[in-house]
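Pasting input35.cif here (mmCIF, C-alpha atoms):
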```cif
data_work
#
loop_
_atom_site.group_PDB
_atom_site.id
_atom_site.type_symbol
_atom_site.label_atom_id
_atom_site.label_comp_id
_atom_site.auth_asym_id
_atom_site.auth_seq_id
_atom_site.Cartn_x
_atom_site.Cartn_y
_atom_site.Cartn_z
ATOM 1 C CA MET A 82 -37.555 -35.220 -35.542
ATOM 2 C CA ARG A 83 -39.770 -38.269 -35.241
ATOM 3 C CA PRO A 84 -40.534 -41.010 -37.820
ATOM 4 C CA LEU A 85 -44.060 -41.706 -39.005
ATOM 5 C CA ALA A 86 -45.374 -44.906 -37.533
ATOM 6 C CA ALA A 87 -60.811 -38.169 -58.079
ATOM 7 C CA ARG A 88 -63.458 -36.575 -58.969
ATOM 8 C CA PRO A 89 -63.728 -34.693 -62.320
ATOM 9 C CA MET A 90 -61.650 -31.570 -62.594
ATOM 10 C CA ARG A 91 -63.529 -28.321 -62.229
ATOM 11 C CA LYS A 92 -62.091 -25.551 -64.373
ATOM 12 C CA LEU A 93 -62.466 -22.196 -62.720
ATOM 13 C CA PRO A 94 -62.173 -18.913 -64.651
ATOM 14 C CA VAL A 95 -58.625 -18.359 -65.841
ATOM 15 C CA GLY A 96 -57.250 -15.324 -67.650
ATOM 16 C CA SER A 97 -55.574 -15.630 -71.026
ATOM 17 C CA GLY A 98 -52.220 -14.085 -70.202
ATOM 18 C CA PRO A 99 -49.481 -14.062 -67.567
ATOM 19 C CA ALA A 100 -50.295 -13.170 -63.996
ATOM 20 C CA ASN A 101 -49.410 -9.504 -63.717
ATOM 21 C CA ALA A 102 -50.817 -6.256 -62.448
ATOM 22 C CA GLN A 103 -52.426 -5.437 -65.803
ATOM 23 C CA GLN A 104 -54.279 -8.697 -66.395
ATOM 24 C CA ALA A 105 -54.283 -11.163 -63.532
ATOM 25 C CA PRO A 106 -56.141 -14.471 -63.917
ATOM 26 C CA ARG A 107 -58.808 -14.769 -61.271
ATOM 27 C CA SER A 108 -58.100 -18.332 -60.224
ATOM 28 C CA LEU A 109 -56.588 -21.679 -61.216
ATOM 29 C CA PRO A 110 -58.179 -24.879 -62.546
ATOM 30 C CA VAL A 111 -58.793 -27.145 -59.577
ATOM 31 C CA ARG A 112 -59.762 -30.737 -58.776
ATOM 32 C CA ILE A 113 -62.340 -30.922 -56.013
ATOM 33 C CA TYR A 114 -62.583 -33.994 -53.819
ATOM 34 C CA GLY A 115 -65.882 -33.614 -52.020
ATOM 35 C CA SER A 116 -66.613 -34.100 -48.360
ATOM 36 C CA SER A 117 -69.720 -33.444 -46.339
ATOM 37 C CA SER A 118 -67.494 -32.347 -43.487
ATOM 38 C CA SER A 119 -67.559 -28.741 -42.329
ATOM 39 C CA ALA A 120 -63.863 -29.043 -41.472
ATOM 40 C CA THR A 121 -61.348 -26.517 -42.734
ATOM 41 C CA PRO A 122 -60.513 -27.459 -46.337
ATOM 42 C CA VAL A 123 -57.130 -28.808 -47.356
ATOM 43 C CA LEU A 124 -55.326 -27.361 -50.402
ATOM 44 C CA LEU A 125 -52.692 -29.651 -51.982
ATOM 45 C CA LEU A 126 -50.004 -28.042 -54.174
ATOM 46 C CA HIS A 127 -47.971 -30.253 -56.509
ATOM 47 C CA GLY A 128 -44.306 -30.094 -57.475
ATOM 48 C CA PHE A 129 -42.502 -29.275 -60.717
ATOM 49 C CA THR A 130 -43.458 -31.594 -63.648
ATOM 50 C CA GLN A 131 -46.562 -32.805 -61.784
ATOM 51 C CA THR A 132 -50.250 -31.843 -61.967
ATOM 52 C CA SER A 133 -53.238 -31.840 -59.647
ATOM 53 C CA ALA A 134 -53.794 -35.519 -60.505
ATOM 54 C CA SER A 135 -50.446 -36.373 -58.904
ATOM 55 C CA TRP A 136 -52.005 -35.977 -55.444
ATOM 56 C CA GLY A 137 -54.685 -38.626 -56.038
ATOM 57 C CA ALA A 138 -53.337 -41.179 -53.537
ATOM 58 C CA ILE A 139 -53.388 -38.476 -50.847
ATOM 59 C CA ALA A 140 -56.495 -36.527 -51.839
ATOM 60 C CA GLU A 141 -58.894 -39.465 -52.057
ATOM 61 C CA PRO A 142 -58.466 -40.742 -48.489
ATOM 62 C CA LEU A 143 -58.244 -37.211 -47.055
ATOM 63 C CA SER A 144 -61.555 -36.276 -48.700
ATOM 64 C CA GLY A 145 -63.384 -38.518 -46.273
ATOM 65 C CA MET A 146 -62.410 -36.119 -43.502
ATOM 66 C CA PHE A 147 -61.897 -32.726 -45.190
ATOM 67 C CA PRO A 148 -62.978 -30.910 -48.322
ATOM 68 C CA VAL A 149 -59.892 -31.222 -50.559
ATOM 69 C CA LEU A 150 -58.953 -28.850 -53.386
ATOM 70 C CA VAL A 151 -56.037 -29.560 -55.706
ATOM 71 C CA PRO A 152 -55.163 -26.856 -58.264
ATOM 72 C CA ASP A 153 -52.891 -27.046 -61.281
ATOM 73 C CA LEU A 154 -50.099 -24.562 -60.646
ATOM 74 C CA PRO A 155 -48.983 -22.081 -63.352
ATOM 75 C CA GLY A 156 -47.110 -23.774 -66.187
ATOM 76 C CA HIS A 157 -48.655 -27.160 -65.394
ATOM 77 C CA GLY A 158 -51.696 -29.211 -66.442
ATOM 78 C CA GLY A 159 -54.730 -27.062 -67.134
ATOM 79 C CA ALA A 160 -52.715 -23.952 -66.247
ATOM 80 C CA SER A 161 -49.861 -24.725 -68.661
ATOM 81 C CA HIS A 162 -50.467 -21.469 -70.526
ATOM 82 C CA LEU A 163 -50.075 -19.313 -67.418
ATOM 83 C CA ALA A 164 -46.828 -17.604 -66.434
ATOM 84 C CA ALA A 165 -46.509 -16.519 -62.810
ATOM 85 C CA ASP A 166 -43.728 -16.147 -60.293
ATOM 86 C CA LEU A 167 -44.228 -17.445 -56.773
ATOM 87 C CA TRP A 168 -45.686 -14.207 -55.388
ATOM 88 C CA GLU A 169 -48.137 -14.041 -58.300
ATOM 89 C CA THR A 170 -48.917 -17.711 -57.763
ATOM 90 C CA ALA A 171 -49.758 -16.908 -54.150
ATOM 91 C CA ASP A 172 -52.293 -14.339 -55.390
ATOM 92 C CA LEU A 173 -53.779 -16.893 -57.781
ATOM 93 C CA LEU A 174 -54.089 -19.425 -54.985
ATOM 94 C CA ALA A 175 -55.823 -16.864 -52.788
ATOM 95 C CA ALA A 176 -58.293 -16.185 -55.587
ATOM 96 C CA THR A 177 -58.841 -19.913 -56.138
ATOM 97 C CA LEU A 178 -59.691 -20.427 -52.479
ATOM 98 C CA GLY A 179 -62.149 -17.530 -52.577
ATOM 99 C CA SER A 180 -63.738 -18.851 -55.770
ATOM 100 C CA ASN A 181 -64.637 -21.980 -53.834
ATOM 101 C CA GLY A 182 -66.266 -20.097 -50.984
ATOM 102 C CA ALA A 183 -63.643 -20.806 -48.334
ATOM 103 C CA GLU A 184 -62.186 -18.212 -45.997
ATOM 104 C CA ARG A 185 -59.208 -20.212 -44.735
ATOM 105 C CA ALA A 186 -57.498 -23.502 -45.477
ATOM 106 C CA ASN A 187 -54.793 -25.899 -44.423
ATOM 107 C CA TRP A 188 -52.149 -25.581 -47.142
ATOM 108 C CA VAL A 189 -49.970 -28.542 -48.092
ATOM 109 C CA GLY A 190 -47.198 -28.087 -50.658
ATOM 110 C CA TYR A 191 -44.596 -30.453 -52.075
ATOM 111 C CA SER A 192 -41.229 -29.115 -53.303
ATOM 112 C CA MET A 193 -42.115 -26.285 -55.728
ATOM 113 C CA GLY A 194 -45.663 -26.392 -54.347
ATOM 114 C CA GLY A 195 -44.235 -26.034 -50.858
ATOM 115 C CA ARG A 196 -42.375 -22.912 -51.915
ATOM 116 C CA ALA A 197 -45.624 -21.547 -53.358
ATOM 117 C CA ALA A 198 -47.425 -22.334 -50.088
ATOM 118 C CA LEU A 199 -44.702 -20.566 -48.139
ATOM 119 C CA HIS A 200 -45.116 -17.452 -50.291
ATOM 120 C CA LEU A 201 -48.865 -17.590 -49.716
ATOM 121 C CA ALA A 202 -48.328 -17.770 -45.945
ATOM 122 C CA PHE A 203 -46.492 -14.431 -46.119
ATOM 123 C CA ALA A 204 -48.609 -12.734 -48.796
ATOM 124 C CA HIS A 205 -52.036 -13.812 -47.463
ATOM 125 C CA PRO A 206 -51.582 -14.871 -43.833
ATOM 126 C CA HIS A 207 -55.299 -14.577 -43.077
ATOM 127 C CA LEU A 208 -55.974 -17.488 -45.457
ATOM 128 C CA VAL A 209 -53.696 -19.961 -43.693
ATOM 129 C CA SER A 210 -54.918 -22.056 -40.766
ATOM 130 C CA LYS A 211 -52.016 -24.516 -40.876
ATOM 131 C CA LEU A 212 -49.068 -25.006 -43.182
ATOM 132 C CA VAL A 213 -47.486 -28.285 -44.288
ATOM 133 C CA LEU A 214 -44.272 -28.236 -46.304
ATOM 134 C CA VAL A 215 -43.164 -31.514 -47.886
ATOM 135 C CA SER A 216 -39.556 -31.709 -49.110
ATOM 136 C CA THR A 217 -39.324 -27.937 -49.224
ATOM 137 C CA SER A 218 -36.607 -25.316 -48.862
ATOM 138 C CA ALA A 219 -36.956 -21.620 -48.064
ATOM 139 C CA GLY A 220 -34.643 -20.841 -50.976
ATOM 140 C CA ILE A 221 -30.977 -20.614 -51.941
ATOM 141 C CA ASP A 222 -29.063 -18.280 -49.625
ATOM 142 C CA GLY A 223 -26.019 -17.149 -51.564
ATOM 143 C CA ALA A 224 -26.392 -14.806 -54.523
ATOM 144 C CA GLY A 225 -23.676 -16.617 -56.464
ATOM 145 C CA GLU A 226 -25.179 -20.059 -55.886
ATOM 146 C CA ARG A 227 -28.614 -18.699 -56.748
ATOM 147 C CA ALA A 228 -27.302 -17.202 -60.009
ATOM 148 C CA ALA A 229 -25.643 -20.501 -60.900
ATOM 149 C CA ARG A 230 -28.904 -22.351 -60.267
ATOM 150 C CA ARG A 231 -30.800 -19.815 -62.361
ATOM 151 C CA LEU A 232 -28.366 -20.465 -65.223
ATOM 152 C CA ARG A 233 -28.851 -24.240 -64.911
ATOM 153 C CA ASP A 234 -32.618 -23.763 -64.846
ATOM 154 C CA GLU A 235 -32.429 -21.664 -68.012
ATOM 155 C CA GLU A 236 -30.319 -24.297 -69.764
ATOM 156 C CA LEU A 237 -32.828 -26.965 -68.757
ATOM 157 C CA ALA A 238 -35.734 -24.791 -69.922
ATOM 158 C CA GLN A 239 -34.096 -24.401 -73.316
ATOM 159 C CA ARG A 240 -33.538 -28.160 -73.600
ATOM 160 C CA ILE A 241 -37.180 -28.835 -72.753
ATOM 161 C CA GLU A 242 -38.331 -26.303 -75.343
ATOM 162 C CA SER A 243 -36.034 -27.652 -78.037
ATOM 163 C CA GLY A 244 -37.374 -31.169 -77.525
ATOM 164 C CA GLY A 245 -40.997 -30.046 -77.634
ATOM 165 C CA ASP A 246 -44.035 -31.910 -76.350
ATOM 166 C CA GLU A 247 -43.243 -35.013 -78.377
ATOM 167 C CA ARG A 248 -40.028 -35.570 -76.388
ATOM 168 C CA LEU A 249 -41.383 -34.905 -72.924
ATOM 169 C CA HIS A 250 -41.393 -38.631 -72.210
ATOM 170 C CA GLU A 251 -37.599 -38.627 -72.629
ATOM 171 C CA PHE A 252 -37.244 -35.578 -70.409
ATOM 172 C CA PHE A 253 -39.319 -37.144 -67.629
ATOM 173 C CA ALA A 254 -37.222 -40.317 -67.788
ATOM 174 C CA GLU A 255 -34.128 -38.161 -67.315
ATOM 175 C CA TRP A 256 -35.774 -36.072 -64.574
ATOM 176 C CA LEU A 257 -36.877 -39.098 -62.571
ATOM 177 C CA SER A 258 -33.431 -40.709 -62.856
ATOM 178 C CA GLN A 259 -31.984 -38.103 -60.463
ATOM 179 C CA PRO A 260 -30.674 -39.371 -57.099
ATOM 180 C CA LEU A 261 -33.549 -37.482 -55.408
ATOM 181 C CA PHE A 262 -35.947 -40.052 -56.880
ATOM 182 C CA ALA A 263 -33.780 -43.169 -56.578
ATOM 183 C CA THR A 264 -36.295 -44.880 -54.274
ATOM 184 C CA LEU A 265 -39.402 -43.811 -56.212
ATOM 185 C CA SER A 266 -40.820 -46.749 -58.167
ATOM 186 C CA PRO A 267 -42.113 -46.222 -61.733
ATOM 187 C CA GLU A 268 -45.586 -47.232 -60.530
ATOM 188 C CA ARG A 269 -45.610 -44.399 -57.984
ATOM 189 C CA ALA A 270 -43.938 -41.791 -60.220
ATOM 190 C CA GLY A 271 -47.180 -40.899 -62.037
ATOM 191 C CA LEU A 272 -45.746 -40.557 -65.534
ATOM 192 C CA ASP A 273 -49.192 -40.378 -67.158
ATOM 193 C CA GLU A 274 -50.096 -37.353 -65.029
ATOM 194 C CA ARG A 275 -46.793 -35.643 -65.850
ATOM 195 C CA LEU A 276 -47.473 -36.118 -69.563
ATOM 196 C CA ARG A 277 -50.451 -33.761 -69.248
ATOM 197 C CA ASN A 278 -47.883 -30.970 -69.170
ATOM 198 C CA THR A 279 -46.403 -29.043 -72.097
ATOM 199 C CA ALA A 280 -42.816 -28.210 -72.920
ATOM 200 C CA SER A 281 -43.532 -24.492 -73.050
ATOM 201 C CA GLY A 282 -45.354 -24.549 -69.723
ATOM 202 C CA LEU A 283 -42.572 -26.395 -67.920
ATOM 203 C CA ALA A 284 -39.916 -24.109 -69.384
ATOM 204 C CA THR A 285 -41.864 -21.050 -68.258
ATOM 205 C CA SER A 286 -42.285 -22.518 -64.773
ATOM 206 C CA LEU A 287 -38.536 -23.003 -64.447
ATOM 207 C CA ARG A 288 -37.882 -19.407 -65.434
ATOM 208 C CA THR A 289 -40.505 -17.859 -63.180
ATOM 209 C CA SER A 290 -40.762 -20.217 -60.194
ATOM 210 C CA GLY A 291 -37.574 -22.266 -60.227
ATOM 211 C CA ALA A 292 -35.259 -22.334 -57.230
ATOM 212 C CA GLY A 293 -32.880 -19.981 -59.041
ATOM 213 C CA ALA A 294 -35.605 -17.398 -59.653
ATOM 214 C CA GLN A 295 -36.873 -17.410 -56.071
ATOM 215 C CA GLU A 296 -35.626 -14.914 -53.521
ATOM 216 C CA PRO A 297 -34.640 -16.669 -50.283
ATOM 217 C CA LEU A 298 -37.169 -16.466 -47.468
ATOM 218 C CA TRP A 299 -35.091 -17.749 -44.557
ATOM 219 C CA HIS A 300 -35.036 -14.317 -42.911
ATOM 220 C CA ARG A 301 -38.836 -14.222 -42.855
ATOM 221 C CA LEU A 302 -39.442 -17.608 -41.232
ATOM 222 C CA PRO A 303 -39.476 -16.185 -37.668
ATOM 223 C CA GLU A 304 -42.633 -14.272 -38.685
ATOM 224 C CA LEU A 305 -44.501 -17.595 -38.805
ATOM 225 C CA GLY A 306 -43.391 -18.357 -35.274
ATOM 226 C CA LYS A 307 -44.469 -14.952 -34.033
ATOM 227 C CA ARG A 308 -47.907 -15.659 -35.494
ATOM 228 C CA ARG A 309 -47.852 -19.062 -33.773
ATOM 229 C CA LEU A 310 -48.790 -20.634 -37.091
ATOM 230 C CA PRO A 311 -48.744 -24.436 -36.839
ATOM 231 C CA VAL A 312 -46.192 -25.623 -39.388
ATOM 232 C CA LEU A 313 -45.405 -29.250 -40.199
ATOM 233 C CA LEU A 314 -42.320 -30.116 -42.240
ATOM 234 C CA ILE A 315 -42.393 -33.591 -43.794
ATOM 235 C CA VAL A 316 -39.252 -35.024 -45.343
ATOM 236 C CA GLY A 317 -37.901 -38.380 -46.507
ATOM 237 C CA GLU A 318 -35.358 -40.163 -44.343
ATOM 238 C CA LEU A 319 -32.961 -40.629 -47.274
ATOM 239 C CA ASP A 320 -33.292 -37.051 -48.564
ATOM 240 C CA THR A 321 -30.321 -35.697 -46.619
ATOM 241 C CA ALA A 322 -30.254 -32.202 -48.099
ATOM 242 C CA TYR A 323 -33.932 -31.571 -47.448
ATOM 243 C CA ARG A 324 -33.754 -33.111 -43.995
ATOM 244 C CA ASN A 325 -31.199 -30.423 -43.243
ATOM 245 C CA HIS A 326 -33.479 -27.766 -44.778
ATOM 246 C CA ALA A 327 -36.407 -28.991 -42.679
ATOM 247 C CA GLY A 328 -34.426 -28.896 -39.465
ATOM 248 C CA ARG A 329 -33.124 -25.418 -40.197
ATOM 249 C CA MET A 330 -36.586 -24.140 -41.088
ATOM 250 C CA ALA A 331 -38.138 -25.575 -37.934
ATOM 251 C CA GLN A 332 -35.432 -23.965 -35.820
ATOM 252 C CA ALA A 333 -36.004 -20.588 -37.487
ATOM 253 C CA ILE A 334 -39.793 -20.776 -37.026
ATOM 254 C CA GLY A 335 -39.678 -21.926 -33.423
ATOM 255 C CA PRO A 336 -41.983 -23.993 -31.205
ATOM 256 C CA SER A 337 -44.981 -23.869 -33.565
ATOM 257 C CA ALA A 338 -43.034 -25.936 -36.124
ATOM 258 C CA SER A 339 -42.324 -29.661 -36.072
ATOM 259 C CA VAL A 340 -40.574 -32.112 -38.386
ATOM 260 C CA VAL A 341 -41.720 -35.582 -39.385
ATOM 261 C CA VAL A 342 -39.377 -37.986 -41.163
ATOM 262 C CA VAL A 343 -40.870 -40.615 -43.479
ATOM 263 C CA PRO A 344 -38.699 -43.745 -43.123
ATOM 264 C CA GLY A 345 -36.983 -45.347 -46.087
ATOM 265 C CA SER A 346 -38.023 -42.682 -48.585
ATOM 266 C CA GLY A 347 -36.439 -39.977 -50.695
ATOM 267 C CA HIS A 348 -37.563 -36.597 -51.984
ATOM 268 C CA ALA A 349 -41.019 -37.719 -53.169
ATOM 269 C CA CYS A 350 -41.834 -39.255 -49.786
ATOM 270 C CA HIS A 351 -45.571 -38.588 -50.191
ATOM 271 C CA LEU A 352 -45.629 -40.676 -53.366
ATOM 272 C CA GLU A 353 -43.497 -43.461 -51.924
ATOM 273 C CA HIS A 354 -45.532 -43.846 -48.723
ATOM 274 C CA PRO A 355 -48.859 -42.057 -49.232
ATOM 275 C CA GLU A 356 -50.599 -43.964 -46.439
ATOM 276 C CA LEU A 357 -48.104 -42.684 -43.871
ATOM 277 C CA VAL A 358 -48.355 -39.118 -45.121
ATOM 278 C CA VAL A 359 -52.177 -39.294 -45.126
ATOM 279 C CA ALA A 360 -52.110 -40.423 -41.509
ATOM 280 C CA GLU A 361 -49.850 -37.542 -40.527
ATOM 281 C CA LEU A 362 -51.858 -34.961 -42.473
ATOM 282 C CA SER A 363 -55.096 -36.234 -40.914
ATOM 283 C CA ARG A 364 -53.660 -35.899 -37.436
ATOM 284 C CA PHE A 365 -52.166 -32.467 -38.037
ATOM 285 C CA CYS A 366 -55.060 -30.909 -39.947
ATOM 286 C CA SER A 367 -57.680 -32.252 -37.550
ATOM 287 C CA GLY A 368 -56.209 -30.115 -34.792
ATOM 288 C CA ALA A 369 -54.469 -32.902 -32.901
ATOM 289 C CA ALA A 370 -50.972 -31.750 -33.809
ATOM 290 C CA SER A 371 -48.517 -31.886 -30.936
#
```

In structure tokens, what does this structure look like?
Amino acid sequence: MRPLAARPMRKLPVGSGPANAQQAPRSLPVRIYGSSSSATPVLLLHGFTQTSASWGAIAEPLSGMFPVLVPDLPGHGGASHLAADLWETADLLAATLGSNGAERANWVGYSMGGRAALHLAFAHPHLVSKLVLVSTSAGIDGAGERAARRLRDEELAQRIESGGDERLHEFFAEWLSQPLFATLSPERAGLDERLRNTASGLATSLRTSGAGAQEPLWHRLPELGKRRLPVLLIVGELDTAYRNHAGRMAQAIGPSASVVVVPGSGHACHLEHPELVVAELSRFCSGAAS
């Protein structure tokens, strides 16, 4: 491991119900940060409780070098009414890319968004030029631990629902008080963007795409190495658990994967030090990755 030295939202066609085989939404609402560059576009996928606007400090500077697309994931922002698990989300992301006329992209996902990007890399490998996973895990290994997490996620979903939209501010204060975010300042936390969400959407996201609902993908990581897919894992120096996840994932993928540690930061390292993450993404996505 080595340390690191918007425009208006365009709403693409979205179906009215959950993503399923009977009635699958065609794409997700997406923020487009324009660039005259013919470079491979960059897709930025946000984490739980965030929205597309949460990537602003990253998307704006990147858009000078790459076309940048930032969708709202199911259960969040403009897609709050959509219910989709991570495999269905991968299909929605594939459709969103196609709706914008791109054949391939560099996919960057943070936390829950990283897990969605990882699912996309397996479900639609032809759409992935490079993959960047920020503070991401390939899932919870043990069935018992996974079931316990699913139960905690359900309890949290019920608490969010019982409080309703009018008490989301209280929920976000509680959420951001976790040790994972101890070094994230209120100015960088993006509370206003998080308040674009709904209680029902967040509860649905926990049930369909939470860590407890996800099947572990550790056993599939060597597939990425066999494809020689360039994979960058970015993690905060102080985020011990996810530093361990990143190291394990890189080892499972092989030589095409590398890990970058953002100094002095926790789980939301891209929010704490966006300029450092932008520099690393620019280097990696431009084709200069080592």

Legend entry - Best match for closeness to A:Glu235 among A:Ala134, A:Leu214, A:Ala120, A:Leu283, counting all atoms listed in the file: A:Leu283

Inset, instruction - Kindly resolve the PyMOL selection byres ((chain A and resi 285) around 12) on the present coordinates and return the residues as a ChimeraX atom specification. - result: /A:99,129-130,154-157,160-166,234-235,237-239,241-242,278-284,286-291,294

Target residues per the PyMOL selection byres ((chain A and resi 142-151) around 8), formatted as a PDB file with C-alpha atoms, in the frame of the given file:
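out.pdb, freshly written:
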```
ATOM      1  CA  VAL A 111     -58.793 -27.145 -59.577  1.00  0.00           C
ATOM      2  CA  ARG A 112     -59.762 -30.737 -58.776  1.00  0.00           C
ATOM      3  CA  ILE A 113     -62.340 -30.922 -56.013  1.00  0.00           C
ATOM      4  CA  TYR A 114     -62.583 -33.994 -53.819  1.00  0.00           C
ATOM      5  CA  GLY A 115     -65.882 -33.614 -52.020  1.00  0.00           C
ATOM      6  CA  SER A 116     -66.613 -34.100 -48.360  1.00  0.00           C
ATOM      7  CA  SER A 117     -69.720 -33.444 -46.339  1.00  0.00           C
ATOM      8  CA  SER A 118     -67.494 -32.347 -43.487  1.00  0.00           C
ATOM      9  CA  SER A 119     -67.559 -28.741 -42.329  1.00  0.00           C
ATOM     10  CA  ALA A 120     -63.863 -29.043 -41.472  1.00  0.00           C
ATOM     11  CA  THR A 121     -61.348 -26.517 -42.734  1.00  0.00           C
ATOM     12  CA  PRO A 122     -60.513 -27.459 -46.337  1.00  0.00           C
ATOM     13  CA  VAL A 123     -57.130 -28.808 -47.356  1.00  0.00           C
ATOM     14  CA  LEU A 124     -55.326 -27.361 -50.402  1.00  0.00           C
ATOM     15  CA  LEU A 125     -52.692 -29.651 -51.982  1.00  0.00           C
ATOM     16  CA  LEU A 126     -50.004 -28.042 -54.174  1.00  0.00           C
ATOM     17  CA  SER A 133     -53.238 -31.840 -59.647  1.00  0.00           C
ATOM     18  CA  ALA A 134     -53.794 -35.519 -60.505  1.00  0.00           C
ATOM     19  CA  TRP A 136     -52.005 -35.977 -55.444  1.00  0.00           C
ATOM     20  CA  ALA A 138     -53.337 -41.179 -53.537  1.00  0.00           C
ATOM     21  CA  ILE A 139     -53.388 -38.476 -50.847  1.00  0.00           C
ATOM     22  CA  ALA A 140     -56.495 -36.527 -51.839  1.00  0.00           C
ATOM     23  CA  GLU A 141     -58.894 -39.465 -52.057  1.00  0.00           C
ATOM     24  CA  PRO A 152     -55.163 -26.856 -58.264  1.00  0.00           C
ATOM     25  CA  ASP A 153     -52.891 -27.046 -61.281  1.00  0.00           C
ATOM     26  CA  VAL A 359     -52.177 -39.294 -45.126  1.00  0.00           C
ATOM     27  CA  SER A 363     -55.096 -36.234 -40.914  1.00  0.00           C
TER      28      SER A 363
END
```

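Using all atoms listed in the file, every residue with an atom at most 12 Å from the point (-41.7, -45.5, -62.9) is listed here: His250, Phe253, Ala254, Glu255, Trp256, Leu257, Ser258, Phe262, Ala263, Thr264, Leu265, Ser266, Pro267, Glu268, Arg269, Ala270, Gly271, Leu272, Asp273, Glu274, Arg275, Leu352 and Glu353 of chain A.
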
Inset, instruction - Find the residues near A:Arg227: any atom within 8 Å, counting all atoms listed in the file, skip ones fewer than 3 places away on the same chain, and give them as a ChimeraX atom specification. - result: /A:221-224,230-231,292-294

Since we have the selection now, will you write its residues out, keeping C-alpha atoms, as a short mmCIF file (atom, residue, chain, number, x, y, z; two decimals), keeping the file's coordinate frame?
```cif
data_model
loop_
_atom_site.label_atom_id
_atom_site.label_comp_id
_atom_site.auth_asym_id
_atom_site.auth_seq_id
_atom_site.Cartn_x
_atom_site.Cartn_y
_atom_site.Cartn_z
CA ILE A 221 -30.98 -20.61 -51.94
CA ASP A 222 -29.06 -18.28 -49.62
CA GLY A 223 -26.02 -17.15 -51.56
CA ALA A 224 -26.39 -14.81 -54.52
CA ARG A 230 -28.90 -22.35 -60.27
CA ARG A 231 -30.80 -19.82 -62.36
CA ALA A 292 -35.26 -22.33 -57.23
CA GLY A 293 -32.88 -19.98 -59.04
CA ALA A 294 -35.60 -17.40 -59.65
#
```

Legend entry - Evaluate the PyMOL selection byres ((chain A and resi 345) around 6) and report residues as JSON, numbers by chain: {"A": [318, 344, 346]}

Axis-aligned box for all listed atoms of stretch 266-279 of chain A, 4 Å per side, centre and edges in Å to one decimal, as AutoDock Vina command-line options:
```
--center_x -45.6 --center_y -38.1 --center_z -65.0 --size_x 17.6 --size_y 26.2 --size_z 22.1
```

Inset, instruction - Find the residue from A:Gly195, A:Pro110, A:Gly190, A:Pro206 that sits nearest to A:Gly159; use all atoms listed in the file when measuring. - result: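 So, comparing all the options, the nearest one is A:Pro110.
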
Legend entry - Close residues, A:Ala333 itself excluded, 10 Å, only C-alpha atoms, min 4 positions apart in chain, as JSON, numbers by chain: {"A": [299, 300, 301, 302, 303, 304, 305, 306, 327, 328, 329, 338]}

Legend entry - Coordinates-based distance that separates atom CA of A:Gln131 from atom CA of A:Gly317 (Å, one decimal): 18.4 Å
